[in-house]
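Please read the structure below before turning to the comments.
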Amino acid sequence: MFATNLDTPLVYLKGVGPKRAELLQKELGISTYEQLLNHYPFRYIDRTRFYKINELNPEMPLVQVVGKIISKEIVGEKQKKRIVAKFADETGTMDLVWFQSLKWVEENVMRGTTYIAFGKPALFGSSFSISHPDLETYPRQTGITGNLTLQPIYHTSEKMKKGFLDSKGIQKLVHHIIELHINEVRETLPSYVLEKYKLISRRDALIHVHFPANTTMLQHAERRLKFEELFFIQLQLLHNKQLRSLKYKGALFNTVGDKVNIFYKTMLPFDLTNAQKRVIKEIRLDTQRGSQMNRLIQGDVGSGKTVVALMSMLLANDNGYQACMMAPTEILARQHYQSLIDLLKGELVNIGILTGNTTKKQRTILHQQLESGEIDILVGTHALIEDKVQFKNLGLVVIDEQHRFGVEQRAKLWRKNVIPPHILVMTATPIPRTLAMTLYGDLDVSVIDELPVGRKPIETLHLYESQRLRMFGFMKQEIAKGRQVYIVYPLIEESKKLDLMHLEAGIEQMRFEFPLPNYQISKVHGQMPNADKQYEMQQFIDGKSQIMVATTVIEVGVNVPNASVMIIENAERFGLSQLHQLRGRVGRGAEQSYCILMSGNKLGPNSKLRLETMVKTNNGFEISEIDLQLRGPGDITGTQQSGVLELKMANLAKDQIILQEARNTVIEIFGKDAMLELPENILLKNYLSKKARAIALDKIS
Ligand code: ADP
Ligand code: MG
């Protein structure tokens, strides 16, 4: 047998073989010793507590009992054949039962021996039994796993269990690897970091995460592995950021020229909020540095991001550059286009629009106008990043509602000019700090944390189905005042048909409550042809209909200041951030606005908490934090696939402090040693160059 090491394929591990190696690869994506060592248990069972037989009750989860086998016999025939052993301690007797592996039990489970039996107790008649117990001789042996008090439980699958790779099986394999190779595990963090944060070595962490000596050691192991995980993400992010600012020159927007000045002095219909002014100043500074700007603007719905974007784009124009603005949907792109034209009164600059619906003919003209520089600002959807779209001199890209754009799409934009354009990402979904640091850790972040003056906070109300009449009464009141109302229905892929039926039924009822000719109802849902959708939207925007019944297609960005009531049907089926987004559709005018959350009469605890949160607060950041606790990071951003959030150990909802420590550490390190040239940082330097090589290879293949 040749010498194995941590890189050895698992086939060569004792107890694996080709079949199981394939299972591990297919089911868990694990193929080397090291990868299996990095497959951590997802929970532990406390094995410090022993129960007496007379203490057992059938509600208990897994328990362990010390006792002696006093008899053992085969009972039943064929399918029902089983081994039943009487197991006794000083308080009573119970049964241990096996239906499978009878031969093994026959040969290995000994009468007269004292065992620890571990399993789920069940009550049959008056006596307890455990089927297929884990048996260990008592007292426990010592050694790495001998004095195990917390038993690791690993993720496996049905297929793996059939191939004898249940949690216990994996535990055995990991144990082999630890016995053979644990001393080859290399430290990845500089020793001064370990010291500063009192972290245990990687080697010890791996031992104790798989086979914790006690709870304290488990905590140390977890903390170490979490820190490491978050640390290297931050190292990569901040390294990228640093590289970008070194490598990419940025367009210089040194002059505030006529376009900005005329707009600001003669066209802007309101005073900017202090937050808007601050963010514009930050953008001004960023674009005079000579390096590329990558800035995220977080501002709650209605905080006035559009004007900030417009002024930044005018700044680009003033300096001889074109700008573009991307929105995630056609409707939004059109609305942005219209808002910009309105704000500029059709003067000052040429604005173009490009979406999936732009005809070939229009497209040809647009392409040519973009290349000649005739168009100053281009608004559009994803269509904008197609390779065919070439600019004369693109200097700034604004991306609205970025979380719908992937990282690759962002990268595509960079290639639109010799000097990559400045990037301004705007999001109305407040993101919890930990997520922002992880997802956007390489961006600078600005926050518009102030709403324009005179905005009245939206009043939110939760009504149960039994209170529906109140809702209709309220709607009538508001419509009588000349206001408009949104009614939103959930639309969930799996129950699309049913949801649409609800929507239709809702409209029926609405027609009854609000008969023509006094009321017009618009209807918008995802199944409709685009043109119809736009027509219906436009009716509502123009005030020709009073009620807009829609599925969540209206979620992001539509702006109808006269709409003052948002009614959300089956509100318990929406996530928090979605509810918050929807609510943000109202409260855009001077009038008091309302959000009514309609729900079924019975609610689970999570739904209840969501609705209560909505009633209690209008603060998007507060809401996002609660959302993160409830749902976890992947669901919130819809970015499970982005890789950034595939954390093995750390949890962004719970590990804020460790994340902050890890990020601070990286910032400190780069502050002292930007190129990682000091000998104490050699591990970090190696990590980054290894990553860079891996990425380069990825690109080649
Ligand atoms: P969001 O940040 O959600 O994109 P918008 O840019 O659409 O918000 O702005 C919402 C509304 O507030 C628009 O009607 C806009 O004209 C108005 N608005 C923006 N800034 C101000 C301000 N400083 N004072 C008053 N109204 C403003
Ligand atoms: Mg907006």
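Chains: A, B, ... in order of the structure tokens. Residues: from 1 per chain. Ligands: from 1, in order shown.
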Set the cut-off to 6 Å, count only C-alpha atoms and all ligand atoms, and list whatever residues fall near ligand 1 as a list in words.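 Final answer, ordered by chain and number: Phe270, Asp271, Leu272, Thr273, Gly299, Val301, Gly302, Ser303, Gly304, Lys305, Thr306, Val307, Pro452 and Arg588 of chain A.
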Writing out the chosen residues with all heavy atoms as a compact mmCIF listing (two decimals), in the first residue's frame:
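As a result, again_21.txt now contains:
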```
# COMPACT_ATOMS: atom_id res chain seq x y z
N PHE A 270 -37.62 70.12 -5.46
CA PHE A 270 -37.62 70.08 -3.99
C PHE A 270 -36.19 70.26 -3.49
O PHE A 270 -35.24 70.25 -4.28
CB PHE A 270 -38.19 68.77 -3.47
CG PHE A 270 -37.77 67.56 -4.28
CD1 PHE A 270 -36.46 67.11 -4.27
CD2 PHE A 270 -38.71 66.90 -5.10
CE1 PHE A 270 -36.08 66.03 -5.02
CE2 PHE A 270 -38.31 65.81 -5.87
CZ PHE A 270 -37.01 65.37 -5.83
N ASP A 271 -36.03 70.47 -2.20
CA ASP A 271 -34.68 70.49 -1.63
C ASP A 271 -34.24 69.06 -1.40
O ASP A 271 -35.04 68.22 -1.00
CB ASP A 271 -34.70 71.21 -0.27
CG ASP A 271 -34.96 72.69 -0.44
OD1 ASP A 271 -34.59 73.23 -1.51
OD2 ASP A 271 -35.55 73.30 0.48
N LEU A 272 -32.98 68.82 -1.62
CA LEU A 272 -32.47 67.48 -1.33
C LEU A 272 -32.43 67.27 0.18
O LEU A 272 -32.23 68.23 0.93
CB LEU A 272 -31.05 67.32 -1.90
CG LEU A 272 -30.93 67.34 -3.42
CD1 LEU A 272 -29.45 67.28 -3.82
CD2 LEU A 272 -31.70 66.20 -4.05
N THR A 273 -32.62 66.05 0.60
CA THR A 273 -32.44 65.76 2.03
C THR A 273 -30.94 65.75 2.32
O THR A 273 -30.12 65.62 1.41
CB THR A 273 -33.01 64.38 2.41
OG1 THR A 273 -32.28 63.38 1.68
CG2 THR A 273 -34.48 64.27 2.07
N GLY A 299 -31.00 52.59 0.28
CA GLY A 299 -31.96 53.59 0.74
C GLY A 299 -33.32 52.97 0.70
O GLY A 299 -33.70 52.35 -0.30
N VAL A 301 -37.29 52.30 0.44
CA VAL A 301 -38.21 52.75 -0.61
C VAL A 301 -38.66 54.17 -0.33
O VAL A 301 -38.98 54.51 0.80
CB VAL A 301 -39.46 51.83 -0.70
CG1 VAL A 301 -39.18 50.67 -1.59
CG2 VAL A 301 -39.90 51.37 0.67
N GLY A 302 -38.67 54.98 -1.37
CA GLY A 302 -39.14 56.35 -1.23
C GLY A 302 -38.12 57.32 -0.68
O GLY A 302 -38.39 58.49 -0.47
N SER A 303 -36.89 56.86 -0.48
CA SER A 303 -35.89 57.75 0.10
C SER A 303 -35.28 58.68 -0.95
O SER A 303 -34.51 59.57 -0.62
CB SER A 303 -34.79 56.93 0.80
OG SER A 303 -34.13 56.11 -0.13
N GLY A 304 -35.63 58.47 -2.21
CA GLY A 304 -35.20 59.39 -3.24
C GLY A 304 -33.88 59.02 -3.89
O GLY A 304 -33.00 59.86 -4.08
N LYS A 305 -33.76 57.80 -4.29
CA LYS A 305 -32.52 57.36 -4.93
C LYS A 305 -32.44 57.83 -6.38
O LYS A 305 -31.35 58.06 -6.89
CB LYS A 305 -32.41 55.82 -4.86
CG LYS A 305 -32.23 55.32 -3.44
CD LYS A 305 -32.05 53.81 -3.38
CE LYS A 305 -33.30 53.06 -3.79
NZ LYS A 305 -34.42 53.21 -2.85
N THR A 306 -33.61 57.96 -7.04
CA THR A 306 -33.60 58.30 -8.46
C THR A 306 -32.89 59.62 -8.73
O THR A 306 -32.09 59.75 -9.66
CB THR A 306 -35.04 58.37 -9.00
OG1 THR A 306 -35.76 57.24 -8.51
CG2 THR A 306 -35.05 58.37 -10.50
N VAL A 307 -33.19 60.61 -7.89
CA VAL A 307 -32.56 61.91 -8.08
C VAL A 307 -31.05 61.83 -7.90
O VAL A 307 -30.29 62.46 -8.63
CB VAL A 307 -33.19 62.94 -7.11
CG1 VAL A 307 -32.26 64.08 -6.84
CG2 VAL A 307 -34.49 63.43 -7.68
N PRO A 452 -37.61 62.13 2.60
CA PRO A 452 -37.91 63.55 2.34
C PRO A 452 -38.86 64.10 3.39
O PRO A 452 -39.72 63.37 3.88
CB PRO A 452 -38.58 63.52 0.96
CG PRO A 452 -38.04 62.31 0.29
CD PRO A 452 -37.81 61.31 1.39
N ARG A 588 -46.05 57.75 -1.02
CA ARG A 588 -45.16 58.48 -1.91
C ARG A 588 -45.66 59.88 -2.18
O ARG A 588 -44.98 60.67 -2.83
CB ARG A 588 -45.01 57.73 -3.23
CG ARG A 588 -44.66 56.30 -2.98
CD ARG A 588 -44.18 55.62 -4.22
NE ARG A 588 -43.10 54.75 -3.83
CZ ARG A 588 -41.98 54.60 -4.51
NH1 ARG A 588 -41.81 55.25 -5.63
NH2 ARG A 588 -41.05 53.80 -4.06
```
Pick out the closest residue to ligand 2 from this set: A:Pro515, A:Pro328, A:Pro679, A:Pro529. Count only C-alpha atoms and all ligand atoms.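 Looking at the shortest contact to ligand 2, the residue is A:Pro328.
Relative to atom CA of A:Met675, atom CA of A:Gln292 is found at 19.5 Å.
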Point out the residue among A:Arg244, A:Lys81, A:Arg585, A:His382 with the least atom-to-atom distance to ligand 2, counting only C-alpha atoms and all ligand atoms.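 Of A:Arg244, A:Lys81, A:Arg585, A:His382, the one nearest ligand 2 is A:Arg585, counting only C-alpha atoms and all ligand atoms.
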From a DSSP calculation on the backbone, collect every residue of stretch 439-666 of chain A in helix (DSSP H, G or I) and output the set as a PyMOL selection string. chain A and resi 439+465-480+493-513+530-541+552-554+571-573+576-583+605-616+620-631+633-637+640-642+656-666
Atom CA of A:Asn518 to atom CA of A:Leu463, distance in Å rounded to a single decimal: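 Taking atom CA of A:Asn518 and atom CA of A:Leu463, their separation equals 26.3 Å.
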Using only C-alpha atoms, determine which residues lie at most 12 Å from A:Gln538, disregarding the query and same-chain residues fewer than 5 positions distant; provide the list as a ChimeraX atom specification. /A:331,334-335,338,522-524,531-533,543-546,548,558-560
Go through stretch 333-438 of chain A and collect every residue that DSSP, computed from the backbone, puts in strand (DSSP E or B); the answer should be as number ranges by chain. A: 351-354, 377-380, 394-400, 422-427
How many Å separate atom CA of A:Lys172 from atom CA of A:Gly15?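 Rounded to one decimal, the two atoms are 8.7 Å apart.
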At a cut-off of 12 Å, using only C-alpha atoms, what residues contact A:Ser466? Leave out same-chain residues fewer than 3 positions from it and give the result as number ranges by chain. A: 462-463, 469-471, 598-602
I need the chosen residues saved as a tab-separated table (two decimals), in the first residue's frame, with all heavy atoms.
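That gives us selection-v6.tsv:
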```tsv
chain	number	residue	atom	x	y	z
A	462	HIS	N	-53.25	45.18	10.70
A	462	HIS	CA	-53.41	43.77	10.38
A	462	HIS	C	-54.86	43.37	10.62
A	462	HIS	O	-55.36	43.52	11.73
A	462	HIS	CB	-52.45	42.94	11.24
A	462	HIS	CG	-52.69	41.46	11.15
A	462	HIS	ND1	-52.32	40.58	12.12
A	462	HIS	CD2	-53.27	40.72	10.18
A	462	HIS	CE1	-52.66	39.36	11.77
A	462	HIS	NE2	-53.25	39.41	10.60
A	463	LEU	N	-55.54	42.91	9.59
A	463	LEU	CA	-56.93	42.48	9.74
A	463	LEU	C	-57.06	41.00	9.42
A	463	LEU	O	-56.42	40.51	8.49
A	463	LEU	CB	-57.85	43.26	8.80
A	463	LEU	CG	-58.03	44.76	9.04
A	463	LEU	CD1	-59.02	45.33	8.03
A	463	LEU	CD2	-58.48	45.05	10.45
A	469	LEU	N	-65.05	43.10	5.93
A	469	LEU	CA	-65.98	44.20	5.64
A	469	LEU	C	-65.39	45.55	6.04
A	469	LEU	O	-65.58	46.55	5.37
A	469	LEU	CB	-67.32	43.97	6.35
A	469	LEU	CG	-68.17	42.86	5.73
A	469	LEU	CD1	-69.49	42.74	6.47
A	469	LEU	CD2	-68.40	43.11	4.24
A	470	ARG	N	-64.64	45.54	7.13
A	470	ARG	CA	-63.97	46.77	7.56
A	470	ARG	C	-63.04	47.28	6.48
A	470	ARG	O	-62.92	48.47	6.24
A	470	ARG	CB	-63.14	46.48	8.81
A	470	ARG	CG	-63.72	47.05	10.09
A	470	ARG	CD	-62.82	46.74	11.24
A	470	ARG	NE	-61.77	47.74	11.43
A	470	ARG	CZ	-60.80	47.62	12.32
A	470	ARG	NH1	-60.74	46.57	13.11
A	470	ARG	NH2	-59.88	48.55	12.44
A	471	MET	N	-62.37	46.32	5.85
A	471	MET	CA	-61.42	46.67	4.81
A	471	MET	C	-62.14	47.33	3.64
A	471	MET	O	-61.72	48.37	3.15
A	471	MET	CB	-60.68	45.40	4.39
A	471	MET	CG	-59.55	45.59	3.46
A	471	MET	SD	-60.00	45.36	1.76
A	471	MET	CE	-59.95	43.67	1.45
A	598	MET	N	-54.05	41.59	5.17
A	598	MET	CA	-55.16	40.67	5.37
A	598	MET	C	-54.59	39.27	5.59
A	598	MET	O	-53.71	38.85	4.84
A	598	MET	CB	-56.06	40.62	4.13
A	598	MET	CG	-56.75	41.92	3.78
A	598	MET	SD	-57.86	42.53	5.08
A	598	MET	CE	-59.02	41.17	5.20
A	599	SER	N	-55.10	38.58	6.60
A	599	SER	CA	-54.59	37.22	6.79
A	599	SER	C	-55.71	36.28	7.20
A	599	SER	O	-56.77	36.73	7.61
A	599	SER	CB	-53.50	37.20	7.87
A	599	SER	OG	-54.11	37.15	9.14
A	600	GLY	N	-55.44	34.99	7.06
A	600	GLY	CA	-56.38	34.00	7.54
A	600	GLY	C	-56.56	34.15	9.05
A	600	GLY	O	-55.76	34.83	9.71
A	601	ASN	N	-57.59	33.52	9.58
A	601	ASN	CA	-57.86	33.69	11.01
A	601	ASN	C	-56.85	32.96	11.88
A	601	ASN	O	-56.62	33.32	13.01
A	601	ASN	CB	-59.27	33.24	11.34
A	601	ASN	CG	-60.30	34.18	10.73
A	601	ASN	OD1	-60.04	35.38	10.59
A	601	ASN	ND2	-61.44	33.65	10.33
A	602	LYS	N	-56.25	31.91	11.32
A	602	LYS	CA	-55.27	31.14	12.11
A	602	LYS	C	-53.87	31.40	11.56
A	602	LYS	O	-53.64	31.29	10.37
A	602	LYS	CB	-55.59	29.65	11.97
A	602	LYS	CG	-56.47	29.14	13.08
A	602	LYS	CD	-56.23	27.65	13.29
A	602	LYS	CE	-57.12	27.12	14.39
A	602	LYS	NZ	-57.68	25.81	14.04
```
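With only C-alpha atoms as the atoms that count, the residue of A:Asp444, A:Glu22, A:Glu513, A:Glu179 with the shortest distance to A:Lys241 is A:Asp444.
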Residues within 12 Å of stretch 493-502 of chain A, only C-alpha atoms, excluding chain neighbours under 2 positions, as a VMD selection string: chain A and resid 488 to 491 504 to 510 523 to 528 549 to 552 569 to 570 573
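Each of A:Ile262, A:Ala205, A:Leu384, A:Leu340 was checked against ligand 2 using only C-alpha atoms and all ligand atoms; the smallest atom-to-atom distance is that of A:Leu340.
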Contact residues around stretch 212-222 of chain A with only C-alpha atoms at 7 Å, ignoring same-chain residues under 4 positions, as a ChimeraX atom specification: /A:148-150,200,205-206,208,226
Non-local contacts of stretch 350-359 of chain A (7 Å; only C-alpha atoms; under 6 positions in same chain excluded) as an MDAnalysis selection string: chainID A and resid 330 337 375:381 383:384
Generate a file of the selected residues that holds N, CA, C and O atoms, formatted as a PDB file, in the first residue's frame.
```
ATOM      1  N   GLU A 330     -38.951  45.508 -17.377  1.00  0.00           N
ATOM      2  CA  GLU A 330     -39.376  46.415 -18.426  1.00  0.00           C
ATOM      3  C   GLU A 330     -40.174  47.598 -17.855  1.00  0.00           C
ATOM      4  O   GLU A 330     -39.907  48.759 -18.162  1.00  0.00           O
ATOM      5  N   TYR A 337     -37.269  55.810 -17.035  1.00  0.00           N
ATOM      6  CA  TYR A 337     -37.123  56.637 -18.239  1.00  0.00           C
ATOM      7  C   TYR A 337     -38.052  57.835 -18.124  1.00  0.00           C
ATOM      8  O   TYR A 337     -37.650  58.985 -18.306  1.00  0.00           O
ATOM      9  N   ILE A 375     -26.531  59.999 -27.693  1.00  0.00           N
ATOM     10  CA  ILE A 375     -27.320  59.733 -26.489  1.00  0.00           C
ATOM     11  C   ILE A 375     -26.446  59.893 -25.253  1.00  0.00           C
ATOM     12  O   ILE A 375     -25.347  59.345 -25.183  1.00  0.00           O
ATOM     13  N   ASP A 376     -26.939  60.669 -24.305  1.00  0.00           N
ATOM     14  CA  ASP A 376     -26.164  60.920 -23.087  1.00  0.00           C
ATOM     15  C   ASP A 376     -26.471  59.889 -22.009  1.00  0.00           C
ATOM     16  O   ASP A 376     -25.601  59.467 -21.264  1.00  0.00           O
ATOM     17  N   ILE A 377     -27.755  59.572 -21.912  1.00  0.00           N
ATOM     18  CA  ILE A 377     -28.167  58.632 -20.864  1.00  0.00           C
ATOM     19  C   ILE A 377     -29.025  57.542 -21.486  1.00  0.00           C
ATOM     20  O   ILE A 377     -29.980  57.833 -22.198  1.00  0.00           O
ATOM     21  N   LEU A 378     -28.654  56.305 -21.229  1.00  0.00           N
ATOM     22  CA  LEU A 378     -29.452  55.196 -21.733  1.00  0.00           C
ATOM     23  C   LEU A 378     -30.079  54.463 -20.549  1.00  0.00           C
ATOM     24  O   LEU A 378     -29.399  54.085 -19.605  1.00  0.00           O
ATOM     25  N   VAL A 379     -31.393  54.297 -20.629  1.00  0.00           N
ATOM     26  CA  VAL A 379     -32.090  53.559 -19.581  1.00  0.00           C
ATOM     27  C   VAL A 379     -32.513  52.230 -20.172  1.00  0.00           C
ATOM     28  O   VAL A 379     -32.870  52.162 -21.347  1.00  0.00           O
ATOM     29  N   GLY A 380     -32.473  51.160 -19.386  1.00  0.00           N
ATOM     30  CA  GLY A 380     -32.901  49.898 -19.962  1.00  0.00           C
ATOM     31  C   GLY A 380     -32.898  48.730 -19.004  1.00  0.00           C
ATOM     32  O   GLY A 380     -32.677  48.887 -17.806  1.00  0.00           O
ATOM     33  N   THR A 381     -33.166  47.584 -19.575  1.00  0.00           N
ATOM     34  CA  THR A 381     -33.148  46.339 -18.809  1.00  0.00           C
ATOM     35  C   THR A 381     -31.842  45.600 -19.120  1.00  0.00           C
ATOM     36  O   THR A 381     -30.908  46.187 -19.645  1.00  0.00           O
ATOM     37  N   ALA A 383     -31.159  43.990 -21.474  1.00  0.00           N
ATOM     38  CA  ALA A 383     -30.846  44.150 -22.896  1.00  0.00           C
ATOM     39  C   ALA A 383     -29.628  45.049 -23.081  1.00  0.00           C
ATOM     40  O   ALA A 383     -28.874  44.929 -24.047  1.00  0.00           O
ATOM     41  N   LEU A 384     -29.449  45.914 -22.101  1.00  0.00           N
ATOM     42  CA  LEU A 384     -28.393  46.896 -22.135  1.00  0.00           C
ATOM     43  C   LEU A 384     -26.978  46.321 -22.100  1.00  0.00           C
ATOM     44  O   LEU A 384     -26.031  46.923 -22.570  1.00  0.00           O
TER      45      LEU A 384
END
```
